[in-house]
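Data block below; observations after.
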Amino acid sequence: MPPFDADVIVIGAGAAGLTAARELERSGRRVICLEARDRVGGRILTVHDADTPVPIELGAEFVHGRAPEIWNLGLPLRETEGDFIHLEAPEGAAHRVMDDIERLADEAHDETLLDFLNRRDYTPAERLAAAAFVEGYDAARKERIGVASLAQEFRAAEAIDGDSSFHVIAGYDSLARAIAPSDVRLNSIVEAIEWRRGEVAVGVRDGHVLRAERVVVTIPLGVLQAGAIRFDPEPTQILEAAHALDFGQAFRITFRFDRAFWEDNEKLKGAGFILSNEPVFPTWWTTLPVAAPVITGWSAGPKADPLIGKSKDEIVSMALASLQRITSLPLGRMECAWLHDWQADPFTRGAYSYVPAGALPARRRLAEPVEDTLYFAGEATDLIGYGGTVHGAIASGHRVVKQITGE
Ligand SMILES: Cc1cc2nc3c(=O)[nH]c(=O)nc-3n(C[C@H](O)[C@H](O)[C@H](O)COP(=O)(O)OP(=O)(O)OC[C@H]3O[C@@H](n4cnc5c(N)ncnc54)[C@H](O)[C@@H]3O)c2cc1C
């Protein structure tokens, strides 16, 4: 038998894979991290543009709350500022529903958000605001997402002051660089994992086969569901769990104009976030407290559907039309538009995961090691209510290291 190339091979150099590889390396293991792209970070993707006063995030942008997984890294963070402008629903319209979910949702009798809303006497405004909030934030569908996972998410967020949000001042990619291990091999598209207890052979598209005692798989849920990596033998439990979860869709677009023209609308002066019922790009945010002519639109869950398969030019036009209606002003001169289509990206195939009604146990099963040899991490394997976030991905990296080292 050829010698092992490493003790552990980690597949994927996003927040989860980088964390796992670095921590395993620190524990004295020989680790190789294989990444399909020509860069690290995965769904963290930052553009640094000399003419724009803030880094442009095309993937994760906010640090939600004060999760130690991120704060302990010591990166300089800046809290977001500005008003929340609700153009349609009255402010706080979703609060009663959210409080009820947190209080009443029960994993043993899980139900969809839609059923939860329909069974209670909420006003139309409360229903609309709650569904819009969840579908936007979780990139989910109200007829699919389970309230048990939402309750877990709300409680976890409360414990870390999750209503506050921060920017990584130097750009989110500085986080990816800060946690990178020493041996990351880029342009390494993993296609096959052959394994038996205590031994794995990882096949890369360029023909290389690398061997190790264990493998940690951190590819996004959408990629796992698509069968992009062939396992021999198949870890049936894991693949069934992956298919029980949903991978949501989201588009974000960032524009730089010649000036912050939206400030000319009295209602939008000082806006941090603008929330509307537009059919696409209903949500927008500015860069406050940094004053810049830069604004970002967000369209997720069902509001991503009309954008799927569209060209960048078409998406730009649809976003500008939404912004025009929202601001009720002639648009300023658009200088730049930045967008990454995560749905069309073969190494992501969507935005982030969420849990359909009744599927919370699937998250736990996805996090269970298979014969002390195959391990799975990444935001979709979150156990604490951090799914779909960078801190959730990092937490899953820490969890997998504990499973391997027993420490
Ligand atoms: C548009 C958008 C906005 C977001 N906004 C926020 C936010 O504001 N705040 C927040 O906390 N979170 C946000 N998120 C979620 C956050 O980005 C993710 O939860 C987190 O980055 C996921 O990390 P990960 O390591 O689990 O997966 P990834 O970062 O996706 O890493 C997986 C890696 O596996 C690689 N890979 C895939 N296939 C293969 C293969 N066959 N072989 C080798 N490598 C492979 C990929 O290239 C990738 O680098 C956002 C996500 C998106 C898409």
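Labels for the structure tokens follow display order: chains A, B, ..., residues from 1 in each chain, ligands from 1.
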| task | Enumerate as a PyMOL selection string the residues within 7 Å of ligand 1, counting only C-alpha atoms and all ligand atoms. | result | chain A and resi 11-17+34-37+40-44+58-64+188-191+218-220+223+228-229+250-252+342+347-348+350-352+377-380+387-393
Would you please extract all strand (DSSP E or B) residues from segment 92-288 of chain A, as assigned by DSSP on the backbone, and give them as a short mmCIF file (atom, residue, chain, number, x, y, z; two decimals) with all heavy atoms, in the first residue's frame?
```
data_model
loop_
_atom_site.label_atom_id
_atom_site.label_comp_id
_atom_site.auth_asym_id
_atom_site.auth_seq_id
_atom_site.Cartn_x
_atom_site.Cartn_y
_atom_site.Cartn_z
N THR A 112 -44.25 23.95 8.90
CA THR A 112 -43.66 24.99 8.06
C THR A 112 -44.07 26.36 8.60
O THR A 112 -45.08 26.49 9.31
CB THR A 112 -44.14 24.89 6.60
OG1 THR A 112 -45.55 25.14 6.57
CG2 THR A 112 -43.83 23.53 6.00
N ILE A 145 -39.64 25.97 4.98
CA ILE A 145 -38.79 26.11 6.17
C ILE A 145 -39.56 25.77 7.44
O ILE A 145 -40.74 26.13 7.59
CB ILE A 145 -38.15 27.53 6.25
CG1 ILE A 145 -37.06 27.55 7.33
CG2 ILE A 145 -39.19 28.62 6.49
CD1 ILE A 145 -36.16 28.78 7.26
N GLY A 146 -38.91 25.03 8.34
CA GLY A 146 -39.54 24.60 9.57
C GLY A 146 -39.36 25.61 10.70
O GLY A 146 -38.31 26.25 10.81
N SER A 165 -24.94 44.13 13.70
CA SER A 165 -24.15 43.58 12.60
C SER A 165 -22.94 44.46 12.33
O SER A 165 -22.96 45.66 12.63
CB SER A 165 -25.00 43.40 11.34
OG SER A 165 -25.57 44.63 10.98
N PHE A 166 -21.91 43.83 11.80
CA PHE A 166 -20.61 44.47 11.67
C PHE A 166 -20.01 44.17 10.31
O PHE A 166 -20.31 43.13 9.71
CB PHE A 166 -19.66 43.93 12.76
CG PHE A 166 -20.20 44.10 14.15
CD1 PHE A 166 -21.12 43.18 14.67
CD2 PHE A 166 -19.84 45.19 14.93
CE1 PHE A 166 -21.66 43.35 15.95
CE2 PHE A 166 -20.38 45.36 16.20
CZ PHE A 166 -21.29 44.44 16.72
N HIS A 167 -19.15 45.05 9.85
CA HIS A 167 -18.34 44.78 8.66
C HIS A 167 -16.91 44.44 9.10
O HIS A 167 -16.41 45.01 10.07
CB HIS A 167 -18.28 46.01 7.75
CG HIS A 167 -19.52 46.23 6.95
ND1 HIS A 167 -20.33 47.33 7.07
CD2 HIS A 167 -20.10 45.45 6.01
CE1 HIS A 167 -21.35 47.23 6.24
NE2 HIS A 167 -21.25 46.09 5.60
N VAL A 168 -16.29 43.55 8.36
CA VAL A 168 -14.85 43.33 8.54
C VAL A 168 -14.19 44.47 7.76
O VAL A 168 -14.32 44.55 6.54
CB VAL A 168 -14.42 41.96 7.97
CG1 VAL A 168 -12.93 41.74 8.24
CG2 VAL A 168 -15.26 40.83 8.57
N VAL A 184 -2.52 24.56 1.38
CA VAL A 184 -3.77 24.61 0.62
C VAL A 184 -3.40 24.43 -0.85
O VAL A 184 -2.55 25.16 -1.36
CB VAL A 184 -4.49 25.97 0.78
CG1 VAL A 184 -5.82 25.96 0.00
CG2 VAL A 184 -4.74 26.30 2.24
N ARG A 185 -4.01 23.45 -1.51
CA ARG A 185 -3.71 23.22 -2.92
C ARG A 185 -4.89 23.69 -3.77
O ARG A 185 -5.96 23.08 -3.74
CB ARG A 185 -3.40 21.75 -3.16
CG ARG A 185 -2.26 21.33 -2.24
CD ARG A 185 -1.62 20.04 -2.58
NE ARG A 185 -0.64 19.73 -1.52
CZ ARG A 185 0.02 18.60 -1.41
NH1 ARG A 185 -0.19 17.64 -2.31
NH2 ARG A 185 0.88 18.41 -0.41
N VAL A 190 -11.96 17.98 -6.50
CA VAL A 190 -12.10 16.59 -6.06
C VAL A 190 -13.31 15.97 -6.73
O VAL A 190 -14.40 16.56 -6.77
CB VAL A 190 -12.25 16.53 -4.52
CG1 VAL A 190 -12.57 15.11 -4.06
CG2 VAL A 190 -10.97 17.04 -3.86
N GLU A 191 -13.11 14.77 -7.30
CA GLU A 191 -14.21 14.10 -8.00
C GLU A 191 -14.61 12.79 -7.35
O GLU A 191 -15.72 12.31 -7.56
CB GLU A 191 -13.81 13.84 -9.46
CG GLU A 191 -13.70 15.13 -10.25
CD GLU A 191 -13.46 14.90 -11.73
OE1 GLU A 191 -12.76 13.92 -12.08
OE2 GLU A 191 -13.97 15.70 -12.52
N ALA A 192 -13.68 12.16 -6.60
CA ALA A 192 -14.00 10.84 -6.05
C ALA A 192 -13.33 10.63 -4.71
O ALA A 192 -12.23 11.14 -4.46
CB ALA A 192 -13.52 9.77 -7.03
N ILE A 193 -14.04 9.92 -3.84
CA ILE A 193 -13.45 9.50 -2.56
C ILE A 193 -13.71 8.00 -2.41
O ILE A 193 -14.86 7.57 -2.30
CB ILE A 193 -14.08 10.27 -1.37
CG1 ILE A 193 -13.81 11.76 -1.51
CG2 ILE A 193 -13.52 9.72 -0.05
CD1 ILE A 193 -14.48 12.62 -0.44
N GLU A 194 -12.63 7.23 -2.48
CA GLU A 194 -12.75 5.79 -2.19
C GLU A 194 -12.22 5.61 -0.78
O GLU A 194 -11.20 6.19 -0.42
CB GLU A 194 -11.93 4.99 -3.19
CG GLU A 194 -12.53 5.04 -4.57
CD GLU A 194 -11.70 4.32 -5.61
OE1 GLU A 194 -10.81 3.53 -5.24
OE2 GLU A 194 -11.96 4.56 -6.80
N TRP A 195 -12.91 4.81 -0.01
CA TRP A 195 -12.50 4.74 1.38
C TRP A 195 -12.89 3.42 2.03
O TRP A 195 -13.76 2.69 1.54
CB TRP A 195 -13.16 5.90 2.16
CG TRP A 195 -14.66 5.77 2.24
CD1 TRP A 195 -15.56 6.08 1.27
CD2 TRP A 195 -15.41 5.26 3.34
NE1 TRP A 195 -16.83 5.84 1.69
CE2 TRP A 195 -16.78 5.32 2.97
CE3 TRP A 195 -15.07 4.77 4.60
CZ2 TRP A 195 -17.81 4.90 3.81
CZ3 TRP A 195 -16.10 4.36 5.45
CH2 TRP A 195 -17.46 4.42 5.04
N ARG A 196 -12.17 3.10 3.08
CA ARG A 196 -12.60 2.09 4.04
C ARG A 196 -12.07 2.58 5.38
O ARG A 196 -11.29 3.55 5.42
CB ARG A 196 -12.06 0.72 3.68
CG ARG A 196 -10.56 0.66 3.65
CD ARG A 196 -10.10 -0.68 3.18
NE ARG A 196 -8.65 -0.70 3.14
CZ ARG A 196 -7.95 -1.61 2.56
NH1 ARG A 196 -8.53 -2.63 1.97
NH2 ARG A 196 -6.64 -1.55 2.57
N GLU A 199 -8.73 4.69 6.05
CA GLU A 199 -7.98 4.88 4.82
C GLU A 199 -8.87 5.52 3.75
O GLU A 199 -9.96 5.02 3.47
CB GLU A 199 -7.53 3.50 4.34
CG GLU A 199 -6.56 3.55 3.21
CD GLU A 199 -6.20 2.13 2.73
OE1 GLU A 199 -6.34 1.16 3.52
OE2 GLU A 199 -5.81 2.01 1.56
N VAL A 200 -8.39 6.62 3.16
CA VAL A 200 -9.15 7.23 2.06
C VAL A 200 -8.22 7.52 0.89
O VAL A 200 -7.03 7.81 1.07
CB VAL A 200 -9.83 8.58 2.48
CG1 VAL A 200 -10.90 8.38 3.51
CG2 VAL A 200 -8.81 9.59 2.95
N ALA A 201 -8.77 7.41 -0.32
CA ALA A 201 -8.03 7.80 -1.53
C ALA A 201 -8.90 8.85 -2.22
O ALA A 201 -10.04 8.59 -2.60
CB ALA A 201 -7.83 6.60 -2.44
N VAL A 202 -8.36 10.06 -2.33
CA VAL A 202 -9.12 11.19 -2.85
C VAL A 202 -8.66 11.47 -4.28
O VAL A 202 -7.49 11.79 -4.51
CB VAL A 202 -8.91 12.44 -1.95
CG1 VAL A 202 -9.61 13.65 -2.55
CG2 VAL A 202 -9.43 12.16 -0.54
N GLY A 203 -9.58 11.34 -5.23
CA GLY A 203 -9.24 11.52 -6.64
C GLY A 203 -9.53 12.94 -7.10
O GLY A 203 -10.64 13.45 -6.93
N VAL A 204 -8.50 13.59 -7.66
CA VAL A 204 -8.62 14.97 -8.13
C VAL A 204 -8.74 14.94 -9.66
O VAL A 204 -8.22 14.04 -10.31
CB VAL A 204 -7.37 15.79 -7.69
CG1 VAL A 204 -7.48 17.24 -8.13
CG2 VAL A 204 -7.20 15.69 -6.17
N VAL A 209 -4.10 11.22 -7.14
CA VAL A 209 -4.84 10.56 -6.06
C VAL A 209 -4.03 10.77 -4.79
O VAL A 209 -2.82 10.50 -4.76
CB VAL A 209 -5.02 9.06 -6.34
CG1 VAL A 209 -5.71 8.38 -5.16
CG2 VAL A 209 -5.83 8.83 -7.62
N LEU A 210 -4.68 11.31 -3.78
CA LEU A 210 -3.99 11.55 -2.50
C LEU A 210 -4.59 10.65 -1.44
O LEU A 210 -5.80 10.40 -1.43
CB LEU A 210 -4.17 13.02 -2.08
CG LEU A 210 -3.46 14.04 -2.98
CD1 LEU A 210 -3.98 15.43 -2.69
CD2 LEU A 210 -1.96 13.98 -2.76
N ARG A 211 -3.73 10.14 -0.56
CA ARG A 211 -4.20 9.19 0.46
C ARG A 211 -4.01 9.75 1.87
O ARG A 211 -3.04 10.47 2.12
CB ARG A 211 -3.40 7.89 0.35
CG ARG A 211 -3.73 7.11 -0.87
CD ARG A 211 -2.78 5.96 -1.11
NE ARG A 211 -2.81 5.66 -2.54
CZ ARG A 211 -3.79 5.00 -3.14
NH1 ARG A 211 -4.78 4.50 -2.43
NH2 ARG A 211 -3.77 4.80 -4.44
N ALA A 212 -4.94 9.39 2.73
CA ALA A 212 -4.83 9.83 4.13
C ALA A 212 -5.65 8.87 4.99
O ALA A 212 -6.35 8.00 4.48
CB ALA A 212 -5.36 11.25 4.27
N GLU A 213 -5.52 9.06 6.31
CA GLU A 213 -6.32 8.22 7.22
C GLU A 213 -7.76 8.68 7.27
O GLU A 213 -8.68 7.89 7.47
CB GLU A 213 -5.75 8.32 8.64
CG GLU A 213 -4.59 7.40 8.88
CD GLU A 213 -4.00 7.63 10.26
OE1 GLU A 213 -4.76 7.89 11.21
OE2 GLU A 213 -2.75 7.55 10.36
N ARG A 214 -7.93 10.00 7.11
CA ARG A 214 -9.28 10.56 7.25
C ARG A 214 -9.50 11.68 6.24
O ARG A 214 -8.55 12.31 5.79
CB ARG A 214 -9.47 11.17 8.65
CG ARG A 214 -9.38 10.17 9.78
CD ARG A 214 -9.58 10.92 11.07
NE ARG A 214 -9.85 10.03 12.17
CZ ARG A 214 -8.97 9.68 13.10
NH1 ARG A 214 -7.73 10.16 13.03
NH2 ARG A 214 -9.30 8.88 14.09
N VAL A 215 -10.77 11.96 5.95
CA VAL A 215 -11.09 13.08 5.09
C VAL A 215 -12.21 13.91 5.72
O VAL A 215 -13.12 13.36 6.35
CB VAL A 215 -11.48 12.59 3.66
CG1 VAL A 215 -12.78 11.80 3.69
CG2 VAL A 215 -11.61 13.75 2.68
N VAL A 216 -12.07 15.23 5.60
CA VAL A 216 -13.12 16.15 6.06
C VAL A 216 -13.70 16.82 4.82
O VAL A 216 -12.97 17.50 4.09
CB VAL A 216 -12.55 17.23 7.02
CG1 VAL A 216 -13.65 18.20 7.42
CG2 VAL A 216 -11.91 16.59 8.24
N VAL A 217 -14.99 16.63 4.58
CA VAL A 217 -15.63 17.17 3.37
C VAL A 217 -16.41 18.42 3.77
O VAL A 217 -17.31 18.34 4.61
CB VAL A 217 -16.59 16.12 2.76
CG1 VAL A 217 -17.25 16.67 1.50
CG2 VAL A 217 -15.84 14.83 2.46
N ARG A 230 -18.05 11.57 -6.10
CA ARG A 230 -18.52 10.18 -6.06
C ARG A 230 -17.86 9.49 -4.87
O ARG A 230 -16.63 9.54 -4.72
CB ARG A 230 -18.13 9.48 -7.37
CG ARG A 230 -18.56 8.04 -7.49
CD ARG A 230 -18.15 7.47 -8.84
NE ARG A 230 -16.73 7.60 -9.13
CZ ARG A 230 -15.78 6.81 -8.62
NH1 ARG A 230 -16.07 5.83 -7.80
NH2 ARG A 230 -14.49 7.02 -8.93
N PHE A 231 -18.67 8.90 -4.02
CA PHE A 231 -18.13 8.17 -2.85
C PHE A 231 -18.22 6.68 -3.13
O PHE A 231 -19.24 6.19 -3.61
CB PHE A 231 -18.96 8.47 -1.60
CG PHE A 231 -18.83 9.88 -1.10
CD1 PHE A 231 -19.65 10.90 -1.58
CD2 PHE A 231 -17.90 10.19 -0.12
CE1 PHE A 231 -19.54 12.20 -1.11
CE2 PHE A 231 -17.79 11.49 0.35
CZ PHE A 231 -18.62 12.49 -0.14
N ASP A 232 -17.17 5.97 -2.77
CA ASP A 232 -17.21 4.52 -2.91
C ASP A 232 -16.61 3.89 -1.65
O ASP A 232 -15.41 4.05 -1.43
CB ASP A 232 -16.42 4.11 -4.15
CG ASP A 232 -16.52 2.61 -4.42
OD1 ASP A 232 -17.37 1.96 -3.79
OD2 ASP A 232 -15.73 2.12 -5.23
N ASP A 246 -32.59 21.78 2.59
CA ASP A 246 -32.74 22.61 1.39
C ASP A 246 -31.57 23.57 1.27
O ASP A 246 -31.01 24.02 2.28
CB ASP A 246 -34.03 23.45 1.46
CG ASP A 246 -35.26 22.65 1.05
OD1 ASP A 246 -35.13 21.43 0.82
OD2 ASP A 246 -36.35 23.25 0.97
N PHE A 247 -31.23 23.88 0.02
CA PHE A 247 -30.17 24.86 -0.24
C PHE A 247 -30.85 26.06 -0.90
O PHE A 247 -31.38 25.94 -2.00
CB PHE A 247 -29.11 24.23 -1.15
CG PHE A 247 -27.78 24.91 -1.06
CD1 PHE A 247 -27.19 25.13 0.18
CD2 PHE A 247 -27.09 25.31 -2.20
CE1 PHE A 247 -25.95 25.75 0.29
CE2 PHE A 247 -25.85 25.93 -2.11
CZ PHE A 247 -25.28 26.14 -0.87
N ALA A 250 -29.98 33.05 -3.45
CA ALA A 250 -29.94 34.49 -3.15
C ALA A 250 -29.08 35.22 -4.19
O ALA A 250 -28.09 34.67 -4.66
CB ALA A 250 -29.37 34.75 -1.76
N PHE A 251 -29.50 36.42 -4.53
CA PHE A 251 -28.70 37.30 -5.38
C PHE A 251 -28.44 38.59 -4.61
O PHE A 251 -29.35 39.12 -3.96
CB PHE A 251 -29.46 37.66 -6.67
CG PHE A 251 -29.52 36.54 -7.66
CD1 PHE A 251 -30.48 35.56 -7.54
CD2 PHE A 251 -28.60 36.47 -8.69
CE1 PHE A 251 -30.54 34.52 -8.45
CE2 PHE A 251 -28.65 35.42 -9.61
CZ PHE A 251 -29.63 34.45 -9.50
N ARG A 252 -27.21 39.08 -4.73
CA ARG A 252 -26.92 40.40 -4.20
C ARG A 252 -26.20 41.17 -5.29
O ARG A 252 -25.42 40.61 -6.07
CB ARG A 252 -26.11 40.34 -2.92
CG ARG A 252 -24.89 39.44 -2.96
CD ARG A 252 -23.95 39.73 -1.84
NE ARG A 252 -23.52 41.11 -1.96
CZ ARG A 252 -23.11 41.83 -0.92
NH1 ARG A 252 -23.06 41.31 0.28
NH2 ARG A 252 -22.73 43.07 -1.09
N ILE A 253 -26.48 42.45 -5.35
CA ILE A 253 -25.82 43.28 -6.36
C ILE A 253 -25.39 44.58 -5.69
O ILE A 253 -26.14 45.14 -4.88
CB ILE A 253 -26.75 43.55 -7.57
CG1 ILE A 253 -25.96 44.16 -8.72
CG2 ILE A 253 -27.96 44.42 -7.21
CD1 ILE A 253 -26.64 44.01 -10.07
N THR A 254 -24.18 45.02 -5.97
CA THR A 254 -23.70 46.27 -5.38
C THR A 254 -23.42 47.26 -6.50
O THR A 254 -22.75 46.91 -7.47
CB THR A 254 -22.42 46.02 -4.55
OG1 THR A 254 -22.74 45.09 -3.51
CG2 THR A 254 -21.90 47.30 -3.92
N PHE A 255 -23.98 48.45 -6.35
CA PHE A 255 -23.76 49.53 -7.33
C PHE A 255 -22.94 50.65 -6.70
O PHE A 255 -23.14 50.99 -5.53
CB PHE A 255 -25.10 50.18 -7.74
CG PHE A 255 -25.99 49.27 -8.55
CD1 PHE A 255 -27.24 48.90 -8.07
CD2 PHE A 255 -25.60 48.83 -9.81
CE1 PHE A 255 -28.08 48.09 -8.83
CE2 PHE A 255 -26.43 48.02 -10.57
CZ PHE A 255 -27.67 47.65 -10.09
N ARG A 256 -22.06 51.22 -7.51
CA ARG A 256 -21.49 52.51 -7.12
C ARG A 256 -22.01 53.54 -8.11
O ARG A 256 -21.95 53.34 -9.33
CB ARG A 256 -19.96 52.48 -7.17
CG ARG A 256 -19.34 53.73 -6.51
CD ARG A 256 -17.83 53.79 -6.64
NE ARG A 256 -17.43 54.14 -7.98
CZ ARG A 256 -16.44 53.54 -8.66
NH1 ARG A 256 -15.75 52.58 -8.09
NH2 ARG A 256 -16.16 53.91 -9.89
N PHE A 257 -22.60 54.62 -7.58
CA PHE A 257 -23.10 55.72 -8.40
C PHE A 257 -22.14 56.91 -8.28
O PHE A 257 -21.20 56.89 -7.46
CB PHE A 257 -24.51 56.13 -7.93
CG PHE A 257 -25.56 55.10 -8.26
CD1 PHE A 257 -25.90 54.11 -7.34
CD2 PHE A 257 -26.19 55.09 -9.49
CE1 PHE A 257 -26.86 53.15 -7.64
CE2 PHE A 257 -27.14 54.13 -9.79
CZ PHE A 257 -27.48 53.17 -8.87
N ALA A 271 -30.56 56.35 5.66
CA ALA A 271 -30.97 54.94 5.68
C ALA A 271 -29.77 54.01 5.79
O ALA A 271 -28.76 54.20 5.10
CB ALA A 271 -31.76 54.62 4.41
N GLY A 272 -29.89 53.01 6.66
CA GLY A 272 -28.93 51.91 6.70
C GLY A 272 -29.49 50.77 5.86
O GLY A 272 -28.85 50.26 4.95
N PHE A 273 -30.74 50.40 6.18
CA PHE A 273 -31.45 49.34 5.45
C PHE A 273 -32.78 49.88 4.95
O PHE A 273 -33.47 50.60 5.66
CB PHE A 273 -31.73 48.16 6.37
CG PHE A 273 -30.55 47.25 6.53
CD1 PHE A 273 -29.56 47.54 7.46
CD2 PHE A 273 -30.41 46.12 5.75
CE1 PHE A 273 -28.46 46.73 7.59
CE2 PHE A 273 -29.32 45.29 5.88
CZ PHE A 273 -28.34 45.59 6.80
N ILE A 274 -33.15 49.50 3.73
CA ILE A 274 -34.45 49.89 3.17
C ILE A 274 -35.19 48.60 2.82
O ILE A 274 -34.64 47.74 2.11
CB ILE A 274 -34.25 50.73 1.89
CG1 ILE A 274 -33.35 51.94 2.19
CG2 ILE A 274 -35.60 51.18 1.34
CD1 ILE A 274 -32.86 52.67 0.94
N LEU A 275 -36.40 48.45 3.37
CA LEU A 275 -37.16 47.21 3.16
C LEU A 275 -38.45 47.54 2.42
O LEU A 275 -39.20 48.42 2.83
CB LEU A 275 -37.48 46.57 4.52
CG LEU A 275 -36.22 46.33 5.36
CD1 LEU A 275 -36.52 46.36 6.82
CD2 LEU A 275 -35.57 45.04 4.97
N THR A 283 -34.85 44.46 -0.81
CA THR A 283 -34.05 44.96 0.32
C THR A 283 -32.78 45.61 -0.20
O THR A 283 -32.12 45.07 -1.10
CB THR A 283 -33.68 43.77 1.24
OG1 THR A 283 -34.89 43.12 1.62
CG2 THR A 283 -32.93 44.22 2.48
N TRP A 284 -32.46 46.75 0.38
CA TRP A 284 -31.24 47.48 0.01
C TRP A 284 -30.54 47.93 1.27
O TRP A 284 -31.18 48.18 2.29
CB TRP A 284 -31.58 48.69 -0.87
CG TRP A 284 -32.12 48.28 -2.20
CD1 TRP A 284 -33.40 47.91 -2.49
CD2 TRP A 284 -31.38 48.14 -3.42
NE1 TRP A 284 -33.51 47.56 -3.81
CE2 TRP A 284 -32.28 47.69 -4.41
CE3 TRP A 284 -30.04 48.35 -3.78
CZ2 TRP A 284 -31.89 47.44 -5.74
CZ3 TRP A 284 -29.66 48.12 -5.09
CH2 TRP A 284 -30.58 47.66 -6.06
N TRP A 285 -29.21 48.03 1.21
CA TRP A 285 -28.48 48.61 2.34
C TRP A 285 -27.34 49.48 1.85
O TRP A 285 -26.83 49.29 0.75
CB TRP A 285 -28.01 47.57 3.34
CG TRP A 285 -27.11 46.49 2.81
CD1 TRP A 285 -25.76 46.56 2.61
CD2 TRP A 285 -27.49 45.14 2.47
NE1 TRP A 285 -25.29 45.36 2.16
CE2 TRP A 285 -26.32 44.47 2.07
CE3 TRP A 285 -28.70 44.44 2.49
CZ2 TRP A 285 -26.33 43.13 1.67
CZ3 TRP A 285 -28.71 43.11 2.08
CH2 TRP A 285 -27.53 42.47 1.69
#
```
| query | Residues of segment 152-228 of chain A in alpha helix (DSSP H) according to DSSP, as a list in words? | reply | Gln152, Glu153, Phe154, Arg155, Ala156, Ala157, Glu158, Ala159, Asp173, Ser174, Leu175, Ala176, Arg177, Ala178, Leu221, Gly222, Val223, Leu224 and Gln225 of chain A
| query | In Å to one decimal, how far is atom CA of Lys303 of chain A from atom CA of Ala319 of chain A? | reply |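 These two atoms are separated by 11.8 Å.
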| field | Pick from A:Phe116, A:Phe133, A:Phe4, A:Tyr386 nearest to Ala357 of chain A, counting only C-alpha atoms | value |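 Closest residue, counting only C-alpha atoms: A:Phe116.
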| field | Residues within 10 Å of segment 332-337 of chain A, only C-alpha atoms, excluding chain neighbours under 4 positions, as a ChimeraX atom specification | value | /A:52,253-262,293-296,312-313,316,320,324
| query | So what do you get for atom CA of Ile160 of chain A versus atom CA of Ala20 of chain A, distance-wise? | reply | 22.4 Å
| message | When you look at Tyr137 of chain A with a cut-off of 10 Å (counting only C-alpha atoms), what residues show up, excluding the ones that are within fewer than 6 positions of it in the same chain? I need them as a list in words. | response |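 The residues that qualify are Ala131, Ala250, Trp298, Ser299, Ala300, Gly301 and Gly388 of chain A.
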| task | May I ask which of the residues A:Val400, A:Leu323, A:Leu221, A:Ala94 is the closest one to Ala242 of chain A, counting only C-alpha atoms? | result | A:Leu221
| Among listed residues A:His86, A:Arg177, A:Arg26, A:His208, nearest Lys267 of chain A (using only C-alpha atoms) |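 Nearest candidate to Lys267 of chain A out of A:His86, A:Arg177, A:Arg26, A:His208: A:His86.
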| said: If we count only C-alpha atoms and set the cut-off at 10 Å, which residues sit around Asp264 of chain A, ignoring sequence neighbours fewer than 4 positions away in its own chain? Please answer as a list in words. | reply: Ala260, Leu268, Lys269, Thr327, Ser328 and Leu329 of chain A
For the selection you just gave me, I'd like the residues written to a file as a PDB file, in the first residue's frame, keeping N, CA and C atoms.
```pdb
ATOM      1  N   ALA A 260     -24.593  59.646  -3.773  1.00  0.00           N
ATOM      2  CA  ALA A 260     -25.608  58.883  -3.024  1.00  0.00           C
ATOM      3  C   ALA A 260     -26.968  59.542  -3.228  1.00  0.00           C
ATOM      4  N   LEU A 268     -35.557  58.563   2.880  1.00  0.00           N
ATOM      5  CA  LEU A 268     -34.428  57.632   2.826  1.00  0.00           C
ATOM      6  C   LEU A 268     -33.127  58.242   3.360  1.00  0.00           C
ATOM      7  N   LYS A 269     -33.187  59.503   3.773  1.00  0.00           N
ATOM      8  CA  LYS A 269     -31.992  60.169   4.325  1.00  0.00           C
ATOM      9  C   LYS A 269     -31.499  59.379   5.536  1.00  0.00           C
ATOM     10  N   THR A 327     -36.711  54.451  -4.573  1.00  0.00           N
ATOM     11  CA  THR A 327     -36.241  55.796  -4.219  1.00  0.00           C
ATOM     12  C   THR A 327     -37.159  56.884  -4.778  1.00  0.00           C
ATOM     13  N   SER A 328     -38.002  56.531  -5.762  1.00  0.00           N
ATOM     14  CA  SER A 328     -38.867  57.508  -6.437  1.00  0.00           C
ATOM     15  C   SER A 328     -38.070  58.692  -6.954  1.00  0.00           C
ATOM     16  N   LEU A 329     -36.858  58.428  -7.421  1.00  0.00           N
ATOM     17  CA  LEU A 329     -35.989  59.518  -7.896  1.00  0.00           C
ATOM     18  C   LEU A 329     -35.319  59.084  -9.190  1.00  0.00           C
TER      19      LEU A 329
END
```
| message | Using only C-alpha atoms, which protein or nucleic acid residues come within 6 Å of Ser276 of chain A? Drop anything in the same chain fewer than 2 positions from it, and give the result as number ranges by chain. | response | A: 87-88, 278, 282
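Taking atom CA of Tyr122 of chain A and atom CA of Arg96 of chain A as endpoints, the distance between them is 8.6 Å.
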| field | Top pick for closest residue to Asp163 of chain A, considering A:Gly222, A:Gly65, A:Pro279, A:Pro302 and counting only C-alpha atoms | value |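 Of the candidates, the smallest distance to Asp163 of chain A is held by A:Gly65.
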